[in-house]
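**Q** Structure provided below as structure tokens; questions to follow.
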Amino acid sequence: MSALKIGAEVQEALDARRPIVALESTIISHGLPADERITAAREFEQLLRDNGATPATIAVLDGVPHIGIDDADIELLAADGIAKASVRDLPIVAALGRSAATTVAATAHLAAAAGIRVFATGGLGGVHRGANESFDESADLPELGRTPVAVVCAGVKSILDIGATLERLETLSVPLVGLQTDVFPSFWLRESEHKLDWRVEDAGQIADVLRAQDGFGHSAGLVVANPVPVDQQWDRDEHDRVVQEALAEADAKGIVGKAVTPFLLGRIVELSGGRSLAVNLDLVRNNIKVAAAIATAYVG
């Protein structure tokens with residue numbers, strides 16, 4: 001992909017085969033309150049540097065995909081009104097010369113194009129509740145079926161259909177491992193009701209899986225399910241009450257399609273008094289540290 005613009009810090013790391021971790025930009029523009037976006041973006045990048053990896057925050061700026069952005073770019077992406085681009089949107093955004101934050105799917109796609117193997121995010125997109133009627137499924141899933149990037153995440157949000165998401169990952173031949181867990185996490189909580197087939201104990205074993213994928217010539221990604229630390233997870237009773245209340249409100253208001261997830265996440269933050277957001281930030285930090293360790297082991 002010749003149209004990529006790779007930042008100097010990222011290019012130096014690629015040339016020297018130093019550890020690099022991709023970061024999405026949607027969390028800057030759409031995933032956080034306006035007054036926290038810039039601070040969080042800078043913190044996430046610095047956390048990678050502190051853990052020995054080069055950050056590669058990915059976004060589209062004036063129609064050009066950027067692999068690694070600077071402080072001015074972070075401020076631009078943190079402004080209200082920035083578009084959100086998935087993979088299908090990339091050629092349109094490029095042709096129109098627009099700027100856009102990248103979703104998990106678009107970030108993975110562009111990271112792979114740049115030769116970056118590891119990506120840290122908060123939660124993976126999945127199959128939505130009621131998808132048997134709406135066919136609402138995140139583009140993250142099919143993209144991981146064809147994109148060789150390891151995505152470190154805290155599972156998928158409990159507002160989604162976790163069981164159906166795991167079935168789709170299996171159908172798409174996307175390998176999935178739990179880091180020090182036999183149970184798939186549900187984002188704000190360490191556990192869901194779904195058991196995992198494969199468990200790994202450390203970043204070195206995950207790096208071995210990546211090298212084995214390389215050897216087999218697999219084109220799929222790898223989902224690394226990394227539960228939020230036990231002392232940082234949300235209280236289960238409060239979680240269940242708030243999520244159910246938000247789901248009921250969405251049904252009562254007739255909210256459907258793309259509007260469902262933003263509505264639910266916004267209401268969950270409000271109903272929890274910000275607790276869900278605090279857990280969100282903590283689990284992203286934890287995923288970043290793990291991703292840095294995986295990237296370091298992979299190039300070691």
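Scheme for the structure tokens: letters A, B, ... for chains in order shown; per-chain residue numbers from 1; ligand numbers from 1 in order shown.
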Dump as a tab-separated table the rows for residues of range 75-156 of chain A within 10 Å of range 219-229 of chain A: closest atom pair and distance in Å with one decimal, only C-alpha atoms counted, ordered by chain and rising residue number.

**A**
```
residue	atom	partner	partner_atom	distance
A:Ala108	CA	A:Gly221	CA	8.8
A:Ala112	CA	A:Gly221	CA	9.6
A:Arg117	CA	A:Gly221	CA	8.8
A:Val118	CA	A:Leu222	CA	9.2
A:Phe119	CA	A:Val223	CA	9.9
A:Ala120	CA	A:Val224	CA	9.6
A:Gly122	CA	A:Asn226	CA	9.7
A:Gly123	CA	A:Ala225	CA	9.2
A:Leu124	CA	A:Val223	CA	8.7
A:Leu141	CA	A:Gly221	CA	9.8
A:Pro142	CA	A:Ala220	CA	9.4
A:Glu143	CA	A:Ala220	CA	8.3
A:Leu144	CA	A:Gly221	CA	5.0
A:Gly145	CA	A:Ala220	CA	4.6
A:Arg146	CA	A:Ala220	CA	4.6
A:Thr147	CA	A:Ala220	CA	5.0
A:Pro148	CA	A:Gly221	CA	4.1
A:Val149	CA	A:Gly221	CA	4.5
A:Ala150	CA	A:Leu222	CA	4.4
A:Val151	CA	A:Val223	CA	5.1
A:Val152	CA	A:Val224	CA	4.7
A:Cys153	CA	A:Ala225	CA	5.5
A:Ala154	CA	A:Asn226	CA	4.9
A:Gly155	CA	A:Ala225	CA	5.4
A:Val156	CA	A:Ala225	CA	9.1
```

**Q** May I have the residues within 10 Å of range 75-84 of chain A as a PyMOL selection string, using only C-alpha atoms and disregarding those fewer than 2 positions away in the same chain?

**A** chain A and resi 25-30+32-39+41+59-61+70-73+86+89-90+93+98-103+106

**Q** Report, in Å to a single decimal, how far apart CA of Arg211 in chain A and CA of Ala16 in chain A are.

**A**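 Those two atoms sit 18.4 Å apart.
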
**Q** So which residues of range 202-267 of chain A fall under alpha helix (DSSP H) by DSSP, listed as a PyMOL selection string?

**A** chain A and resi 203-216+236-253+260-267

**Q** From the set A:Val279, A:Asp208, A:Thr165, A:Ala111, which residue has the shortest atom-to-atom contact distance to His194 in chain A, counting only C-alpha atoms?

**A**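 Of A:Val279, A:Asp208, A:Thr165, A:Ala111, the one nearest His194 in chain A is A:Thr165, counting only C-alpha atoms.
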
**Q** Excluding same-chain residues fewer than 6 positions from Val10 in chain A, what lies within 7 Å of it counting only C-alpha atoms, as a list in words?

**A**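 Within the cut-off, the hits are Thr54, Ala56 and Gly68 of chain A.
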
**Q** Go ahead and write the selection's residues with N, CA, C and O atoms as a compact mmCIF listing (two decimals), in the first residue's frame.

**A**
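Contents of selection18.txt, as written:
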```txt
# COMPACT_ATOMS: atom_id res chain seq x y z
N THR A 54 7.54 0.84 20.46
CA THR A 54 7.23 2.07 19.73
C THR A 54 5.74 2.13 19.44
O THR A 54 5.18 1.18 18.89
N ALA A 56 2.41 3.09 17.43
CA ALA A 56 2.01 3.42 16.07
C ALA A 56 0.50 3.68 16.07
O ALA A 56 -0.29 2.79 15.74
N GLY A 68 1.43 6.07 12.76
CA GLY A 68 2.19 6.91 13.68
C GLY A 68 1.82 8.36 13.43
O GLY A 68 1.91 8.86 12.29
```

**Q** Could you build a table of the residues in range 176-215 of chain A lying no more than 9 Å from range 157-164 of chain A, giving for each the nearest pair of atoms and their separation in Å rounded to one decimal place, using only C-alpha atoms, ordered by chain and ascending residue number, as JSON lines?

**A**
```
{"residue": "A:Phe184", "atom": "CA", "partner": "A:Ile162", "partner_atom": "CA", "distance": 8.8}
{"residue": "A:Pro185", "atom": "CA", "partner": "A:Lys157", "partner_atom": "CA", "distance": 8.8}
{"residue": "A:Ser186", "atom": "CA", "partner": "A:Ser158", "partner_atom": "CA", "distance": 5.4}
{"residue": "A:Phe187", "atom": "CA", "partner": "A:Lys157", "partner_atom": "CA", "distance": 5.0}
{"residue": "A:Trp188", "atom": "CA", "partner": "A:Lys157", "partner_atom": "CA", "distance": 7.1}
{"residue": "A:Leu189", "atom": "CA", "partner": "A:Ser158", "partner_atom": "CA", "distance": 8.5}
{"residue": "A:Ser192", "atom": "CA", "partner": "A:Ile162", "partner_atom": "CA", "distance": 8.0}
{"residue": "A:Glu193", "atom": "CA", "partner": "A:Gly163", "partner_atom": "CA", "distance": 8.7}
{"residue": "A:His194", "atom": "CA", "partner": "A:Gly163", "partner_atom": "CA", "distance": 7.0}
```

**Q** Quick one: everything within 12 Å of range 251-265 of chain A, counting only C-alpha atoms, minus sequence neighbours fewer than 3 positions away in the same chain. Send it as an MDAnalysis selection string.

**A** chainID A and resid 30:33 84 125:131 133:138 157:160 188 242:248 268:272 274:277 280

**Q** From the set A:Ile58, A:Ala105, A:Ile69, A:Ala212, which residue has the shortest atom-to-atom contact distance to Ala8 in chain A, counting only C-alpha atoms?

**A** A:Ile69

**Q** Ranking A:Ile20, A:Ala278, A:Ala250, A:Ala95 by minimum distance to Ala297 in chain A and counting only C-alpha atoms, which one comes first?

**A** A:Ile20

**Q** Extract the full set of strand (DSSP E) residues from range 37-278 of chain A according to DSSP on the backbone, and format it as JSON, numbers by chain.

**A** {"A": [54, 55, 56, 57, 58, 59, 60, 61, 64, 65, 66, 67, 83, 84, 85, 100, 101, 102, 118, 119, 120, 150, 151, 152, 153, 176, 177, 178, 179, 199, 200, 222, 223, 224, 225]}

**Q** Just how far from CA of Thr296 in chain A is CA of Leu14 in chain A, in Å to one decimal?

**A**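 So the two atoms, CA of Leu14 in chain A and CA of Thr296 in chain A, lie 12.7 Å apart.
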
**Q** Please report the interatomic distance between CA of Ala94 in chain A and CA of Val64 in chain A in Å with one decimal.

**A**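 Distance reported for this atom pair: 6.0 Å.
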
**Q** Skipping near chain neighbours, those fewer than 4 positions away, what residues fall within 12 Å of Gly52 in chain A using only C-alpha atoms, listed as a PyMOL selection string?

**A** chain A and resi 13+18-21+45-48+288-297+299-300

**Q** Pull all heavy atoms from the residues just selected and write them as a compact mmCIF listing (two decimals), in the first residue's frame.

**A**
```txt
# COMPACT_ATOMS: atom_id res chain seq x y z
N ALA A 13 11.81 2.12 13.88
CA ALA A 13 11.60 0.86 14.59
C ALA A 13 11.44 -0.29 13.61
O ALA A 13 11.94 -1.40 13.86
CB ALA A 13 10.38 0.98 15.49
N ARG A 18 12.65 -3.31 15.85
CA ARG A 18 12.32 -3.11 17.26
C ARG A 18 10.83 -3.31 17.47
O ARG A 18 10.04 -3.20 16.52
CB ARG A 18 12.74 -1.71 17.71
CG ARG A 18 14.25 -1.49 17.71
CD ARG A 18 14.62 -0.26 18.53
NE ARG A 18 14.05 0.97 18.00
CZ ARG A 18 14.66 1.79 17.15
NH1 ARG A 18 15.88 1.51 16.72
NH2 ARG A 18 14.06 2.90 16.72
N PRO A 19 10.40 -3.60 18.69
CA PRO A 19 8.98 -3.85 18.95
C PRO A 19 8.10 -2.64 18.66
O PRO A 19 8.44 -1.52 19.05
CB PRO A 19 8.95 -4.24 20.43
CG PRO A 19 10.23 -3.75 21.01
CD PRO A 19 11.23 -3.79 19.90
N ILE A 20 6.99 -2.88 17.99
CA ILE A 20 6.02 -1.84 17.63
C ILE A 20 4.63 -2.35 17.99
O ILE A 20 4.32 -3.52 17.77
CB ILE A 20 6.06 -1.51 16.13
CG1 ILE A 20 7.48 -1.17 15.67
CG2 ILE A 20 5.10 -0.38 15.79
CD1 ILE A 20 7.62 -1.10 14.16
N VAL A 21 3.80 -1.46 18.50
CA VAL A 21 2.41 -1.82 18.80
C VAL A 21 1.50 -0.78 18.15
O VAL A 21 1.68 0.43 18.35
CB VAL A 21 2.15 -1.88 20.31
CG1 VAL A 21 0.65 -2.10 20.59
CG2 VAL A 21 2.98 -2.99 20.95
N GLU A 45 0.39 6.26 24.32
CA GLU A 45 1.65 6.21 23.57
C GLU A 45 2.85 6.16 24.51
O GLU A 45 3.79 5.39 24.30
CB GLU A 45 1.74 7.41 22.63
CG GLU A 45 0.79 7.36 21.46
CD GLU A 45 1.24 8.23 20.30
OE1 GLU A 45 2.08 9.13 20.52
OE2 GLU A 45 0.77 7.99 19.17
N GLN A 46 2.83 6.98 25.57
CA GLN A 46 3.95 6.99 26.50
C GLN A 46 4.05 5.67 27.25
O GLN A 46 5.16 5.20 27.55
CB GLN A 46 3.78 8.14 27.51
CG GLN A 46 5.02 8.36 28.38
CD GLN A 46 6.27 8.62 27.55
OE1 GLN A 46 6.25 9.44 26.63
NE2 GLN A 46 7.36 7.92 27.86
N LEU A 47 2.93 5.05 27.54
CA LEU A 47 2.94 3.76 28.23
C LEU A 47 3.65 2.70 27.39
O LEU A 47 4.39 1.86 27.92
CB LEU A 47 1.51 3.34 28.54
CG LEU A 47 1.30 2.15 29.47
CD1 LEU A 47 1.98 2.37 30.81
CD2 LEU A 47 -0.20 1.90 29.67
N LEU A 48 3.46 2.75 26.08
CA LEU A 48 4.18 1.83 25.21
C LEU A 48 5.68 2.10 25.26
O LEU A 48 6.49 1.17 25.36
CB LEU A 48 3.67 1.93 23.78
CG LEU A 48 2.37 1.18 23.48
CD1 LEU A 48 1.85 1.51 22.10
CD2 LEU A 48 2.58 -0.33 23.63
N ILE A 288 -2.28 -2.58 26.73
CA ILE A 288 -1.10 -1.96 26.13
C ILE A 288 0.18 -2.57 26.69
O ILE A 288 1.13 -2.86 25.95
CB ILE A 288 -1.15 -0.43 26.35
CG1 ILE A 288 -2.17 0.20 25.40
CG2 ILE A 288 0.23 0.20 26.16
CD1 ILE A 288 -2.45 1.67 25.66
N LYS A 289 0.23 -2.76 27.99
CA LYS A 289 1.42 -3.36 28.61
C LYS A 289 1.65 -4.77 28.09
O LYS A 289 2.79 -5.16 27.78
CB LYS A 289 1.26 -3.37 30.13
CG LYS A 289 1.27 -1.99 30.77
CD LYS A 289 0.99 -2.10 32.27
CE LYS A 289 0.86 -0.72 32.90
NZ LYS A 289 0.52 -0.81 34.34
N VAL A 290 0.59 -5.54 27.98
CA VAL A 290 0.71 -6.90 27.47
C VAL A 290 1.15 -6.89 26.01
O VAL A 290 2.02 -7.67 25.60
CB VAL A 290 -0.62 -7.66 27.64
CG1 VAL A 290 -0.63 -8.97 26.84
CG2 VAL A 290 -0.89 -7.94 29.12
N ALA A 291 0.57 -6.01 25.21
CA ALA A 291 0.94 -5.93 23.80
C ALA A 291 2.41 -5.57 23.63
O ALA A 291 3.10 -6.10 22.75
CB ALA A 291 0.05 -4.91 23.08
N ALA A 292 2.91 -4.66 24.47
CA ALA A 292 4.32 -4.30 24.41
C ALA A 292 5.20 -5.51 24.70
O ALA A 292 6.22 -5.72 24.04
CB ALA A 292 4.62 -3.17 25.40
N ALA A 293 4.80 -6.31 25.68
CA ALA A 293 5.58 -7.51 26.01
C ALA A 293 5.54 -8.53 24.87
O ALA A 293 6.55 -9.17 24.57
CB ALA A 293 5.04 -8.14 27.30
N ILE A 294 4.39 -8.67 24.22
CA ILE A 294 4.29 -9.60 23.09
C ILE A 294 5.15 -9.12 21.93
O ILE A 294 5.90 -9.92 21.32
CB ILE A 294 2.81 -9.72 22.63
CG1 ILE A 294 1.96 -10.36 23.73
CG2 ILE A 294 2.73 -10.54 21.34
CD1 ILE A 294 0.47 -10.26 23.47
N ALA A 295 5.07 -7.84 21.60
CA ALA A 295 5.87 -7.31 20.49
C ALA A 295 7.36 -7.46 20.76
O ALA A 295 8.14 -7.77 19.85
CB ALA A 295 5.51 -5.84 20.27
N THR A 296 7.75 -7.27 22.01
CA THR A 296 9.16 -7.42 22.38
C THR A 296 9.61 -8.87 22.23
O THR A 296 10.68 -9.15 21.68
CB THR A 296 9.38 -6.94 23.83
OG1 THR A 296 9.03 -5.55 23.93
CG2 THR A 296 10.83 -7.12 24.25
N ALA A 297 8.77 -9.79 22.70
CA ALA A 297 9.12 -11.23 22.58
C ALA A 297 9.14 -11.66 21.12
O ALA A 297 9.96 -12.50 20.72
CB ALA A 297 8.12 -12.05 23.38
N VAL A 299 9.96 -9.98 18.37
CA VAL A 299 11.15 -9.56 17.62
C VAL A 299 12.45 -10.02 18.28
O VAL A 299 13.52 -9.86 17.70
CB VAL A 299 11.19 -8.03 17.41
CG1 VAL A 299 9.96 -7.57 16.66
CG2 VAL A 299 11.33 -7.29 18.74
N GLY A 300 12.34 -10.56 19.47
CA GLY A 300 13.53 -10.94 20.24
C GLY A 300 14.26 -12.15 19.67
O GLY A 300 13.72 -12.91 18.87
```

**Q** List the neighbours of Phe44 in chain A out to 9 Å using only C-alpha atoms; skip same-chain residues closer than 5 positions along the sequence, and give me the result as a compact mmCIF listing (two decimals) with C-alpha atoms, in the first residue's frame.

**A**
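Below you can see result-v3.txt, which holds the result:
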```txt
# COMPACT_ATOMS: atom_id res chain seq x y z
CA LEU A 23 -3.11 1.73 18.49
CA THR A 39 -4.62 13.14 27.71
CA ARG A 49 7.49 3.69 25.22
CA PRO A 55 3.65 3.36 19.49
CA VAL A 284 -6.80 -0.46 27.86
CA ARG A 285 -3.69 0.35 29.91
CA ILE A 288 -1.10 -1.96 26.13
```

**Q** For Arg168 in chain A, which of A:Ile67, A:Ala139, A:Gln232, A:Ile74 is the closest residue, counting only C-alpha atoms?

**A**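 Nearest candidate to Arg168 in chain A out of A:Ile67, A:Ala139, A:Gln232, A:Ile74: A:Ala139.
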